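Undergrad: The following file, structure-v9.txt, comprises compact mmCIF, C-alpha atoms:
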```
# COMPACT_ATOMS: atom_id res chain seq x y z
CA MET A 1 0.70 -57.04 4.93
CA ALA A 2 2.31 -54.28 2.88
CA VAL A 3 0.43 -53.26 -0.26
CA VAL A 4 2.19 -51.31 -3.01
CA ILE A 5 -0.03 -49.33 -5.39
CA ASP A 6 2.00 -49.54 -8.56
CA GLY A 7 -0.60 -49.32 -11.28
CA ASN A 8 -0.62 -53.06 -11.87
CA THR A 9 -3.06 -54.11 -9.19
CA GLY A 10 -6.62 -52.92 -8.98
CA ILE A 11 -7.70 -51.20 -5.77
CA ASP A 12 -11.36 -50.44 -5.14
CA THR A 13 -11.17 -48.69 -1.79
CA ILE A 14 -8.51 -47.32 0.50
CA GLN A 15 -9.93 -47.32 4.01
CA ASP A 16 -9.42 -44.52 6.48
CA GLY A 17 -6.11 -44.68 8.30
CA THR A 18 -4.61 -47.37 6.16
CA VAL A 19 -2.14 -45.07 4.36
CA SER A 20 -0.47 -42.34 6.38
CA THR A 21 0.70 -39.13 4.73
CA ALA A 22 4.30 -40.12 5.26
CA LYS A 23 3.77 -43.22 3.17
CA ILE A 24 2.71 -41.22 0.08
CA ALA A 25 5.72 -40.44 -2.09
CA ASP A 26 6.27 -36.76 -2.90
CA ASP A 27 5.63 -37.24 -6.59
CA ALA A 28 2.79 -39.73 -6.21
CA VAL A 29 0.12 -37.12 -6.93
CA THR A 30 0.71 -34.87 -9.90
CA ALA A 31 -0.42 -31.25 -10.12
CA GLY A 32 -3.09 -32.18 -12.61
CA LYS A 33 -4.84 -34.31 -9.97
CA ILE A 34 -4.84 -31.62 -7.30
CA GLY A 35 -7.10 -29.21 -9.11
CA ILE A 36 -6.77 -25.44 -9.32
CA PRO A 37 -4.39 -24.04 -6.69
CA LEU A 38 -6.09 -21.70 -4.28
CA GLY A 39 -5.11 -18.26 -3.08
CA ARG A 40 -3.63 -15.21 -4.70
CA ARG A 41 -0.82 -16.68 -6.75
CA ASN A 42 0.20 -14.14 -9.34
CA LEU A 43 2.96 -11.83 -8.09
CA ILE A 44 2.36 -9.68 -11.17
CA MET A 45 -0.23 -6.91 -10.95
CA ASN A 46 -2.44 -6.31 -13.94
CA GLY A 47 -1.11 -9.50 -15.50
CA ASN A 48 -4.12 -9.59 -17.81
CA MET A 49 -3.35 -5.96 -18.74
CA GLU A 50 -6.93 -4.72 -18.59
CA VAL A 51 -6.25 -1.78 -16.24
CA ASN A 52 -5.03 1.27 -18.15
CA GLN A 53 -5.61 4.33 -15.98
CA ARG A 54 -3.17 6.42 -18.02
CA SER A 55 -5.25 5.70 -21.12
CA PHE A 56 -2.03 4.88 -22.88
CA SER A 57 -2.58 4.00 -26.52
CA SER A 58 0.63 4.36 -28.50
CA ASN A 59 3.94 6.13 -28.98
CA THR A 60 6.00 6.48 -32.12
CA ALA A 61 9.77 6.93 -32.27
CA ARG A 62 9.96 7.19 -28.49
CA THR A 63 13.41 7.59 -26.93
CA GLN A 64 12.40 7.74 -23.27
CA PHE A 65 10.64 5.43 -20.81
CA THR A 66 6.95 4.83 -21.41
CA TYR A 67 4.52 4.13 -18.57
CA ALA A 68 1.84 2.13 -20.30
CA GLY A 69 -0.95 -0.07 -18.95
CA ASP A 70 -0.90 0.00 -15.16
CA ARG A 71 2.31 -1.35 -13.62
CA TRP A 72 3.83 -1.99 -17.05
CA ILE A 73 6.81 0.01 -18.25
CA PHE A 74 8.59 0.12 -21.56
CA ALA A 75 12.02 0.61 -20.05
CA LYS A 76 15.14 1.46 -21.97
CA ASN A 77 18.82 2.06 -21.48
CA ASP A 78 20.85 4.74 -23.23
CA VAL A 79 20.05 5.45 -26.89
CA VAL A 80 17.03 3.67 -28.31
CA ASN A 81 14.18 4.55 -30.62
CA TYR A 82 11.04 2.44 -30.43
CA ASP A 83 7.33 2.37 -31.11
CA SER A 84 4.98 1.06 -28.44
CA SER A 85 1.27 0.51 -28.04
CA TYR A 86 -1.44 -0.88 -25.82
CA ASN A 87 -4.12 -2.89 -27.59
CA SER A 88 -7.33 -4.61 -26.60
CA PHE A 89 -8.15 -8.05 -27.92
CA SER A 90 -11.22 -8.30 -30.07
CA LEU A 91 -14.30 -9.55 -28.32
CA GLY A 92 -14.52 -13.31 -28.34
CA GLN A 93 -10.92 -13.94 -29.33
CA THR A 94 -9.82 -17.49 -28.68
CA ASP A 95 -6.05 -17.25 -29.17
CA ILE A 96 -5.45 -16.65 -25.46
CA PRO A 97 -8.37 -17.69 -23.25
CA GLY A 98 -9.64 -14.77 -21.20
CA ALA A 99 -6.96 -12.32 -22.33
CA LYS A 100 -8.14 -8.69 -22.36
CA ALA A 101 -5.24 -6.69 -23.78
CA TYR A 102 -1.62 -6.83 -24.78
CA HIS A 103 1.43 -4.60 -24.96
CA GLU A 104 3.42 -4.27 -28.14
CA PHE A 105 6.72 -2.65 -29.00
CA THR A 106 8.99 -2.47 -32.02
CA LEU A 107 12.63 -1.47 -31.86
CA ASN A 108 13.49 1.04 -34.57
CA SER A 109 17.11 1.50 -33.62
CA ALA A 110 19.49 1.27 -30.68
CA GLY A 111 23.04 2.21 -29.97
CA SER A 112 25.60 -0.52 -29.50
CA GLY A 113 26.68 -2.00 -26.19
CA THR A 114 24.06 -2.08 -23.43
CA ASP A 115 21.36 -0.05 -25.18
CA TYR A 116 18.05 -1.85 -25.02
CA VAL A 117 14.29 -1.56 -24.67
CA ARG A 118 12.07 -4.09 -22.92
CA LEU A 119 8.73 -4.55 -21.17
CA GLU A 120 9.12 -4.44 -17.39
CA GLN A 121 7.16 -4.78 -14.22
CA ARG A 122 8.67 -3.83 -10.88
CA ILE A 123 7.40 -5.88 -7.96
CA GLU A 124 7.57 -4.18 -4.59
CA ASP A 125 9.99 -5.66 -2.03
CA VAL A 126 13.23 -7.29 -3.16
CA THR A 127 12.80 -10.09 -0.61
CA THR A 128 9.78 -11.43 -2.49
CA ALA A 129 10.28 -15.15 -3.17
CA ALA A 130 14.00 -14.89 -2.38
CA GLY A 131 15.58 -18.33 -2.18
CA GLU A 132 12.46 -19.88 -3.72
CA GLN A 133 11.58 -21.31 -7.08
CA VAL A 134 9.38 -19.06 -9.20
CA THR A 135 7.59 -19.88 -12.42
CA LEU A 136 6.90 -17.33 -15.15
CA THR A 137 4.31 -17.77 -17.87
CA PHE A 138 3.31 -15.35 -20.60
CA TRP A 139 2.05 -15.30 -24.16
CA ALA A 140 3.93 -13.57 -26.95
CA ARG A 141 4.32 -13.44 -30.70
CA SER A 142 6.25 -11.63 -33.38
CA ASN A 143 4.54 -8.65 -35.02
CA THR A 144 6.79 -8.64 -38.09
CA GLY A 145 5.13 -11.45 -40.00
CA SER A 146 8.08 -13.77 -39.48
CA SER A 147 9.71 -15.59 -36.60
CA PHE A 148 12.89 -14.35 -34.96
CA THR A 149 15.06 -14.99 -31.93
CA LEU A 150 16.14 -12.60 -29.20
CA ASP A 151 19.29 -13.40 -27.29
CA ALA A 152 21.59 -11.94 -24.69
CA ASP A 153 24.25 -10.49 -26.95
CA GLY A 154 25.94 -7.51 -25.35
CA ILE A 155 23.99 -7.45 -22.12
CA THR A 156 24.64 -9.31 -18.92
CA ALA A 157 21.26 -10.98 -18.69
CA GLY A 158 18.93 -12.79 -21.04
CA PRO A 159 15.98 -11.33 -22.93
CA VAL A 160 13.66 -12.75 -20.28
CA ALA A 161 15.04 -12.26 -16.79
CA ILE A 162 14.44 -10.96 -13.31
CA MET A 163 16.58 -8.65 -11.20
CA GLN A 164 16.73 -8.42 -7.44
CA TYR A 165 17.23 -4.67 -7.07
CA PHE A 166 18.24 -3.57 -3.58
CA GLY A 167 17.43 0.09 -4.12
CA THR A 168 19.34 3.30 -3.61
CA GLY A 169 20.42 5.30 -0.60
CA GLY A 170 22.92 4.18 1.99
CA SER A 171 25.04 1.23 0.86
CA PRO A 172 22.71 -1.20 -0.85
CA SER A 173 23.94 -4.47 -2.29
CA SER A 174 24.46 -4.69 -6.03
CA ALA A 175 21.55 -5.94 -8.10
CA VAL A 176 21.45 -9.65 -8.89
CA GLU A 177 20.13 -10.82 -12.26
CA THR A 178 18.70 -14.27 -12.93
CA ASP A 179 17.85 -15.43 -16.44
CA PHE A 180 14.57 -17.08 -17.22
CA ALA A 181 15.87 -17.58 -20.74
CA THR A 182 19.13 -16.76 -22.52
CA SER A 183 17.25 -16.69 -25.82
CA ILE A 184 13.65 -16.74 -26.93
CA THR A 185 12.17 -17.42 -30.34
CA LEU A 186 9.04 -15.46 -31.16
CA ASN A 187 6.60 -17.08 -33.57
CA THR A 188 3.99 -15.39 -35.71
CA THR A 189 1.22 -17.06 -33.71
CA TRP A 190 0.53 -16.52 -30.04
CA THR A 191 2.70 -18.92 -28.05
CA LYS A 192 2.71 -19.60 -24.33
CA TYR A 193 6.15 -19.52 -22.70
CA THR A 194 6.90 -21.10 -19.32
CA TYR A 195 10.11 -20.85 -17.30
CA THR A 196 11.12 -21.81 -13.78
CA VAL A 197 14.14 -20.49 -11.91
CA THR A 198 15.32 -20.31 -8.31
CA LEU A 199 15.80 -16.78 -7.05
CA PRO A 200 18.97 -16.31 -5.03
CA SER A 201 18.72 -15.85 -1.29
CA VAL A 202 18.99 -12.30 0.02
CA SER A 203 20.73 -13.43 3.19
CA GLY A 204 23.59 -11.08 3.92
CA LYS A 205 22.36 -8.47 1.47
CA THR A 206 21.69 -4.83 2.33
CA ILE A 207 18.60 -2.90 1.22
CA GLY A 208 18.95 0.79 0.39
CA THR A 209 17.35 3.49 2.50
CA ASN A 210 15.17 5.07 -0.20
CA TYR A 211 12.37 2.49 -0.06
CA ASN A 212 12.67 1.68 -3.74
CA ASP A 213 13.96 -1.91 -3.66
CA HIS A 214 12.05 -4.32 -5.86
CA LEU A 215 12.05 -7.33 -8.14
CA ARG A 216 12.37 -6.21 -11.75
CA LEU A 217 10.91 -8.60 -14.28
CA TRP A 218 11.56 -8.00 -17.94
CA ILE A 219 10.30 -9.70 -21.05
CA CYS A 220 11.76 -9.61 -24.56
CA ALA A 221 14.68 -7.22 -24.19
CA MET A 222 15.76 -6.00 -27.62
CA MET A 223 19.13 -4.53 -28.57
CA ASP A 224 20.81 -2.95 -31.57
CA ASP A 225 20.96 -6.13 -33.62
CA ASP A 226 17.21 -6.55 -33.04
CA ALA A 227 16.26 -3.35 -34.88
CA GLY A 228 13.15 -3.93 -36.92
CA LYS A 229 11.84 -6.63 -34.62
CA GLY A 230 8.62 -6.23 -32.70
CA VAL A 231 6.72 -8.29 -30.14
CA GLN A 232 3.28 -8.50 -28.61
CA ILE A 233 3.02 -9.72 -25.01
CA ALA A 234 -0.07 -10.75 -23.01
CA GLN A 235 -1.30 -12.48 -19.87
CA VAL A 236 1.79 -12.59 -17.65
CA GLN A 237 1.94 -14.63 -14.46
CA LEU A 238 4.79 -15.04 -11.97
CA GLU A 239 4.16 -17.43 -9.11
CA ARG A 240 6.00 -19.23 -6.37
CA GLY A 241 6.95 -22.84 -7.00
CA SER A 242 7.89 -24.92 -10.02
CA THR A 243 4.38 -25.48 -11.34
CA ALA A 244 2.75 -23.26 -13.92
CA SER A 245 -0.82 -23.07 -12.68
CA PRO A 246 -3.69 -21.76 -14.79
CA PHE A 247 -3.77 -17.99 -15.18
CA GLU A 248 -5.25 -16.33 -12.11
CA PHE A 249 -8.14 -14.16 -13.21
CA ARG A 250 -8.97 -11.35 -10.83
CA SER A 251 -11.92 -9.02 -11.02
CA TYR A 252 -11.29 -5.63 -12.61
CA GLN A 253 -12.03 -4.00 -9.25
CA ASP A 254 -9.46 -6.12 -7.41
CA GLU A 255 -6.81 -5.39 -10.00
CA LEU A 256 -7.63 -1.69 -10.14
CA HIS A 257 -7.44 -1.38 -6.37
CA SER A 258 -4.02 -3.07 -6.34
CA CYS A 259 -2.81 -0.68 -9.02
CA HIS A 260 -4.01 2.35 -7.04
CA ARG A 261 -1.06 1.93 -4.68
CA TYR A 262 1.15 3.01 -7.58
CA TYR A 263 -1.04 5.30 -9.64
CA GLU A 264 -4.50 6.80 -9.56
CA VAL A 265 -6.47 9.60 -11.10
CA ILE A 266 -8.30 12.00 -8.82
CA GLY A 267 -11.44 13.58 -10.15
CA ARG A 268 -12.36 10.82 -12.52
CA GLY A 269 -15.77 11.83 -13.69
CA GLU A 270 -17.23 13.15 -10.48
CA ARG A 271 -19.42 16.13 -11.22
CA ALA A 272 -20.17 18.75 -8.64
CA GLN A 273 -21.63 22.22 -8.49
CA ASN A 274 -22.19 24.03 -11.79
CA GLY A 275 -21.02 21.07 -13.77
CA SER A 276 -17.53 21.28 -12.40
CA ILE A 277 -15.48 18.82 -10.46
CA GLY A 278 -14.54 19.50 -6.89
CA VAL A 279 -11.19 17.99 -6.09
CA GLY A 280 -11.00 18.56 -2.40
CA THR A 281 -12.35 19.93 0.79
CA ILE A 282 -10.68 23.03 2.03
CA GLY A 283 -8.54 22.51 5.09
CA SER A 284 -7.32 26.03 5.54
CA ARG A 285 -6.87 29.11 3.42
CA TRP A 286 -4.72 32.14 3.40
CA THR A 287 -5.14 35.20 1.30
CA THR A 288 -2.65 33.89 -1.21
CA ARG A 289 -3.04 30.17 -1.16
CA ASP A 290 -5.47 27.47 -0.22
CA TYR A 291 -5.05 24.02 1.23
CA PHE A 292 -7.25 21.10 0.43
CA GLY A 293 -7.42 17.63 1.78
CA GLN A 294 -7.91 14.89 -0.74
CA ILE A 295 -8.64 11.29 0.00
CA CYS A 296 -6.84 8.92 -2.32
CA TYR A 297 -8.37 5.61 -3.22
CA ALA A 298 -5.43 3.75 -1.71
CA PRO A 299 -2.29 4.42 0.31
CA LYS A 300 0.65 5.13 -1.93
CA ARG A 301 3.96 3.30 -2.15
CA THR A 302 5.84 6.55 -1.65
CA VAL A 303 5.32 10.30 -1.87
CA PRO A 304 3.74 10.58 -5.30
CA VAL A 305 4.30 12.87 -8.23
CA LEU A 306 1.34 15.09 -9.05
CA SER A 307 0.30 16.45 -12.41
CA ILE A 308 -2.79 17.89 -14.01
CA ARG A 309 -4.01 15.47 -16.60
CA ASN A 310 -6.99 17.35 -17.95
CA GLY A 311 -8.73 20.58 -17.22
CA THR A 312 -7.67 23.78 -15.57
CA VAL A 313 -7.74 24.21 -11.83
CA GLN A 314 -9.69 27.12 -10.51
CA ILE A 315 -10.11 28.33 -6.98
CA MET A 316 -13.52 29.72 -6.24
CA THR A 317 -13.85 32.15 -3.37
CA ASP A 318 -16.44 34.63 -2.30
CA ALA A 319 -15.44 37.23 -4.80
CA SER A 320 -13.23 35.80 -7.43
CA THR A 321 -12.32 32.89 -9.60
CA GLN A 322 -8.64 32.21 -10.07
CA SER A 323 -7.51 30.05 -12.90
CA GLY A 324 -4.18 28.65 -13.94
CA VAL A 325 -3.58 27.46 -10.43
CA THR A 326 -0.83 24.93 -9.89
CA PRO A 327 -1.34 22.28 -7.24
CA THR A 328 1.51 20.86 -5.20
CA PHE A 329 1.57 18.19 -2.59
CA GLN A 330 2.03 19.31 0.96
CA TYR A 331 1.69 15.99 2.64
CA ILE A 332 0.86 12.44 1.81
CA GLY A 333 -0.39 10.23 4.57
CA VAL A 334 -1.69 6.72 4.77
CA ASP A 335 -4.62 7.40 2.53
CA THR A 336 -4.83 11.15 2.22
CA ALA A 337 -2.98 13.83 0.39
CA GLY A 338 -2.80 17.44 1.38
CA MET A 339 -2.72 19.59 -1.71
CA ARG A 340 -1.91 23.22 -1.89
CA PHE A 341 -3.12 25.49 -4.64
CA GLN A 342 -1.19 28.65 -5.25
CA GLY A 343 -3.27 31.44 -6.64
CA SER A 344 -3.25 35.17 -6.70
CA THR A 345 -4.26 37.18 -3.68
CA HIS A 346 -7.89 36.97 -2.77
CA THR A 347 -10.01 37.95 0.14
CA ASN A 348 -10.27 35.55 2.94
CA ASN A 349 -13.94 35.03 3.35
CA VAL A 350 -16.46 32.30 3.15
CA VAL A 351 -15.69 29.07 1.40
CA ALA A 352 -13.06 28.41 -1.22
CA TYR A 353 -12.97 25.31 -3.27
CA ALA A 354 -11.04 24.00 -6.20
CA GLN A 355 -12.83 23.02 -9.32
CA GLY A 356 -12.32 22.54 -12.98
CA GLU A 357 -14.42 21.32 -15.83
CA GLY A 358 -13.20 17.86 -16.64
CA LEU A 359 -10.44 18.19 -14.09
CA GLN A 360 -8.28 15.14 -13.53
CA ILE A 361 -5.11 14.96 -11.46
CA ASN A 362 -2.58 12.15 -11.81
CA VAL A 363 -1.17 10.77 -8.58
CA ASP A 364 1.87 8.72 -9.52
CA ALA A 365 3.94 6.63 -7.10
CA GLU A 366 5.28 4.16 -9.66
CA TYR A 367 8.96 3.13 -9.64
CA MET B 1 19.87 9.71 -23.70
CA ASN B 2 17.52 10.87 -20.96
CA ASP B 3 14.92 8.60 -19.44
CA PHE B 4 12.25 11.33 -19.49
CA ASN B 5 11.52 14.62 -21.26
CA ILE B 6 12.02 17.23 -18.55
CA SER B 7 12.17 21.02 -18.91
CA ASN B 8 11.22 24.28 -17.17
CA ALA B 9 12.13 23.10 -13.68
CA LYS B 10 11.48 25.44 -10.79
CA TYR B 11 11.69 25.05 -7.04
CA VAL B 12 8.56 25.42 -4.96
CA ASP B 13 8.65 27.17 -1.62
CA PRO B 14 5.13 26.53 -0.43
CA ASP B 15 5.07 28.71 2.62
CA GLY B 16 7.71 31.27 1.81
CA THR B 17 10.02 29.85 4.44
CA GLY B 18 12.95 29.24 2.13
CA ILE B 19 12.48 25.50 2.42
CA HIS B 20 12.04 23.76 -0.92
CA ASN B 21 10.05 20.57 -0.79
CA HIS B 22 9.03 20.25 -4.42
CA ILE B 23 10.14 21.03 -7.92
CA ILE B 24 7.64 21.88 -10.63
CA ALA B 25 8.69 20.85 -14.12
CA ASP B 26 7.24 20.01 -17.50
CA ILE B 27 7.55 16.23 -17.82
CA ASP B 28 6.39 14.56 -21.00
CA GLY B 29 4.07 17.47 -21.67
CA LEU B 30 2.47 17.69 -18.24
CA THR B 31 3.13 20.24 -15.53
CA THR B 32 4.31 17.97 -12.77
CA THR B 33 5.05 18.46 -9.11
CA VAL B 34 8.04 16.36 -8.11
CA PRO B 35 8.88 15.81 -4.43
CA ILE B 36 12.49 16.40 -3.48
CA LEU B 37 13.00 12.83 -2.47
CA SER B 38 15.88 10.47 -3.17
CA GLY B 39 14.58 7.43 -4.96
CA ASN B 40 11.93 9.36 -6.88
CA ARG B 41 12.62 8.62 -10.53
CA TYR B 42 11.87 12.13 -11.76
CA TYR B 43 13.80 13.86 -9.00
CA GLU B 44 16.85 11.71 -9.66
CA GLU B 45 16.59 12.42 -13.38
CA ILE B 46 16.34 16.16 -12.69
CA ILE B 47 19.46 16.05 -10.53
CA SER B 48 21.25 14.01 -13.19
CA LEU B 49 20.37 16.59 -15.83
CA VAL B 50 21.47 19.45 -13.60
CA GLU B 51 24.80 17.76 -12.91
CA ALA B 52 25.24 17.21 -16.64
CA GLY B 53 24.59 20.90 -17.27
CA GLU B 54 21.48 20.12 -19.32
CA LEU B 55 18.90 21.62 -16.95
CA THR B 56 18.72 24.50 -14.54
CA ILE B 57 16.27 24.65 -11.67
CA ALA B 58 14.89 28.18 -11.35
CA ALA B 59 14.42 29.79 -7.99
CA ALA B 60 11.05 29.55 -6.34
CA ASP B 61 8.53 32.27 -6.91
CA PRO B 62 8.27 34.62 -3.96
CA VAL B 63 5.26 33.99 -1.80
CA PRO B 64 3.44 37.04 -0.51
CA ASP B 65 3.06 37.35 3.21
CA ALA B 66 0.27 35.23 4.49
CA GLU B 67 -2.29 36.51 6.84
```
Can the structure in the file be given as structure tokens, please?

TA:
Amino acid sequence: MAVVIDGNTGIDTIQDGTVSTAKIADDAVTAGKIGIPLGRRNLIMNGNMEVNQRSFSSNTARTQFTYAGDRWIFAKNDVVNYDSSYNSFSLGQTDIPGAKAYHEFTLNSAGSGTDYVRLEQRIEDVTTAAGEQVTLTFWARSNTGSSFTLDADGITAGPVAIMQYFGTGGSPSSAVETDFATSITLNTTWTKYTYTVTLPSVSGKTIGTNYNDHLRLWICAMMDDDAGKGVQIAQVQLERGSTASPFEFRSYQDELHSCHRYYEVIGRGERAQNGSIGVGTIGSRWTTRDYFGQICYAPKRTVPVLSIRNGTVQIMTDASTQSGVTPTFQYIGVDTAGMRFQGSTHTNNVVAYAQGEGLQINVDAEY
Amino acid sequence: MNDFNISNAKYVDPDGTGIHNHIIADIDGLTTTVPILSGNRYYEEIISLVEAGELTIAAADPVPDAE
């Protein structure tokens, strides 16, 4: 006898083997009955924005890119002038459950045409979720004290969109943009936004040879007619499928380690001899320059850019201390970096090592 | 309008071989070593500025003979 469970007839027990999987309609069980999806779902890194290795706080009247909280970029095109900041939520806030920090930017002015500023994250590998549905959720609000709408005037994609960027080098395919929204209204209170789109297939496409292809997500692009508007954005999640699952909270350590592939700071707080910070172990030395091996926390996406963040590098040798030394990368391997420090001529004896009070070196492999 | 603030660019010839593998430049206030690598955002900006006549890359400092 066939039994149809249609909500009109009470059923106490369904015995084993009486209903095969094939007999359960696809939409018979809703997401709310399944429970919390398992696994690492969020394609965004630092979606809760708590990792901020650059210690970014704010910029005023900025006209260039700004690398802010880890993996987040205030990206612009052509002539813009904007303020940006990174802010922590107050302890115990209840507007956005579990949110740690948010990014904020205000457009002061922009040229006409395609000039814009927006918050971006670039997700490694353009083939990610290609041909699949993806669902984006984030929280945002106006910072002007009144609501406003952002739209797609003058640009080819909406204010919330994603680009499949096939990179540079060789003959890569042109980028493909997909709108999450052609307009978005920002309220004065924190509001959760949810969008689902299907990313185009990458079949037949060509990836460039410079290993810089990626998915480029942007949120709240603002153009010339948006001057004076400002937004705050928090807790971003991009996941496969058409269901917006609860925000995936990761431990700070997990998130930090993920971010290290794109940026890290060497010499963070380690104290060595004489209160200084040793940044490496000498690999070889010549009378004019010294080579040090440095283990990075994580393999990098590409050969990184290196800069001294704080402190002055010194090379200590048997007889002299050289300051004002500039480090350069000689080699970056899977998880090591060979750094070279160019100093003045010194004798080649005993041990040399690099040090610097409060020394920190940025290792940057971001897009 | 440039994507980054870049000035004082200079090639680096680490071993005095005449082979440049880095450029040192002031980028957003930090002395930064930039690999000569297509796809690197700073390197591509430097080349763009050079082609626009807005930046010159100085020759590498001579490296004394090594032992």

Undergrad: May I ask you to extract the residues of chain B within 12 Å of chain A, using only C-alpha atoms, and to give them as a PyMOL selection string?

TA: chain B and resi 1-6+11-16+20-45+61-67

Undergrad: Record the distance separating atom CA of Tyr86 of chain A and atom CA of Pro159 of chain A, expressed in Å with one decimal.

TA: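 Atom-to-atom, atom CA of Tyr86 of chain A and atom CA of Pro159 of chain A are spaced 20.5 Å apart.
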
Undergrad: Measure the distance from atom CA of Ala60 of chain B to atom CA of Lys10 of chain B in Å and round it to one decimal.

TA: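 According to the coordinates, atom CA of Ala60 of chain B and atom CA of Lys10 of chain B are separated by 6.1 Å.
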
Undergrad: Please measure the separation of atom CA of Cys296 of chain A and atom CA of Asn48 of chain A, giving the value in Å to one decimal.

TA: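 Interatomic distance here is 24.3 Å.
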
Undergrad: Please write as a PDB file with C-alpha atoms, keeping the file's coordinate frame the list of polymer residues whose atoms come within 6 Å of (15.7, -3.0, -24.7), counting only C-alpha atoms and keeping to the coordinates of the file.

TA:
```pdb
ATOM      1  CA  LYS A  76      15.140   1.460 -21.970  1.00  0.00           C
ATOM      2  CA  TYR A 116      18.050  -1.850 -25.020  1.00  0.00           C
ATOM      3  CA  VAL A 117      14.290  -1.560 -24.670  1.00  0.00           C
ATOM      4  CA  ARG A 118      12.070  -4.090 -22.920  1.00  0.00           C
ATOM      5  CA  ALA A 221      14.680  -7.220 -24.190  1.00  0.00           C
ATOM      6  CA  MET A 222      15.760  -6.000 -27.620  1.00  0.00           C
ATOM      7  CA  MET A 223      19.130  -4.530 -28.570  1.00  0.00           C
TER       8      MET A 223
END
```

Undergrad: Find the residues near segment 81-83 of chain A: any atom within 7 Å, counting all atoms listed in the file, skip ones fewer than 3 places away on the same chain, and give them as a list in words.

TA: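 So, after excluding close chain neighbours, the residues are Asn59, Thr60, Ala61, Arg62, Thr63, Phe105, Thr106, Leu107, Asn108, Ser109 and Ala110 of chain A.
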
Undergrad: Name the residues in contact with Pro97 of chain A at a cut-off of 12 Å, using all atoms listed in the file, excluding same-chain residues fewer than 4 positions from it; report them as number ranges by chain.

TA: A: 48, 89-93, 101, 139, 190, 192, 234-235, 246-249

Undergrad: Output C-alpha atoms for every residue in that selection, as a PDB file, in the frame of the given file.

TA:
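again-v1.pdb, freshly written:
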```
ATOM      1  CA  ASN A  48      -4.120  -9.590 -17.810  1.00  0.00           C
ATOM      2  CA  PHE A  89      -8.150  -8.050 -27.920  1.00  0.00           C
ATOM      3  CA  SER A  90     -11.220  -8.300 -30.070  1.00  0.00           C
ATOM      4  CA  LEU A  91     -14.300  -9.550 -28.320  1.00  0.00           C
ATOM      5  CA  GLY A  92     -14.520 -13.310 -28.340  1.00  0.00           C
ATOM      6  CA  GLN A  93     -10.920 -13.940 -29.330  1.00  0.00           C
ATOM      7  CA  ALA A 101      -5.240  -6.690 -23.780  1.00  0.00           C
ATOM      8  CA  TRP A 139       2.050 -15.300 -24.160  1.00  0.00           C
ATOM      9  CA  TRP A 190       0.530 -16.520 -30.040  1.00  0.00           C
ATOM     10  CA  LYS A 192       2.710 -19.600 -24.330  1.00  0.00           C
ATOM     11  CA  ALA A 234      -0.070 -10.750 -23.010  1.00  0.00           C
ATOM     12  CA  GLN A 235      -1.300 -12.480 -19.870  1.00  0.00           C
ATOM     13  CA  PRO A 246      -3.690 -21.760 -14.790  1.00  0.00           C
ATOM     14  CA  PHE A 247      -3.770 -17.990 -15.180  1.00  0.00           C
ATOM     15  CA  GLU A 248      -5.250 -16.330 -12.110  1.00  0.00           C
ATOM     16  CA  PHE A 249      -8.140 -14.160 -13.210  1.00  0.00           C
TER      17      PHE A 249
END
```

Undergrad: The centre and edge lengths of an axis-aligned box containing all atoms of segment 124-143 of chain A present in the file, extended by 3 Å on each side, are to be given in Å to one decimal, as JSON.

TA:
```
{"center_x": 8.8, "center_y": -12.7, "center_z": -17.8, "size_x": 19.5, "size_y": 23.1, "size_z": 40.4}
```
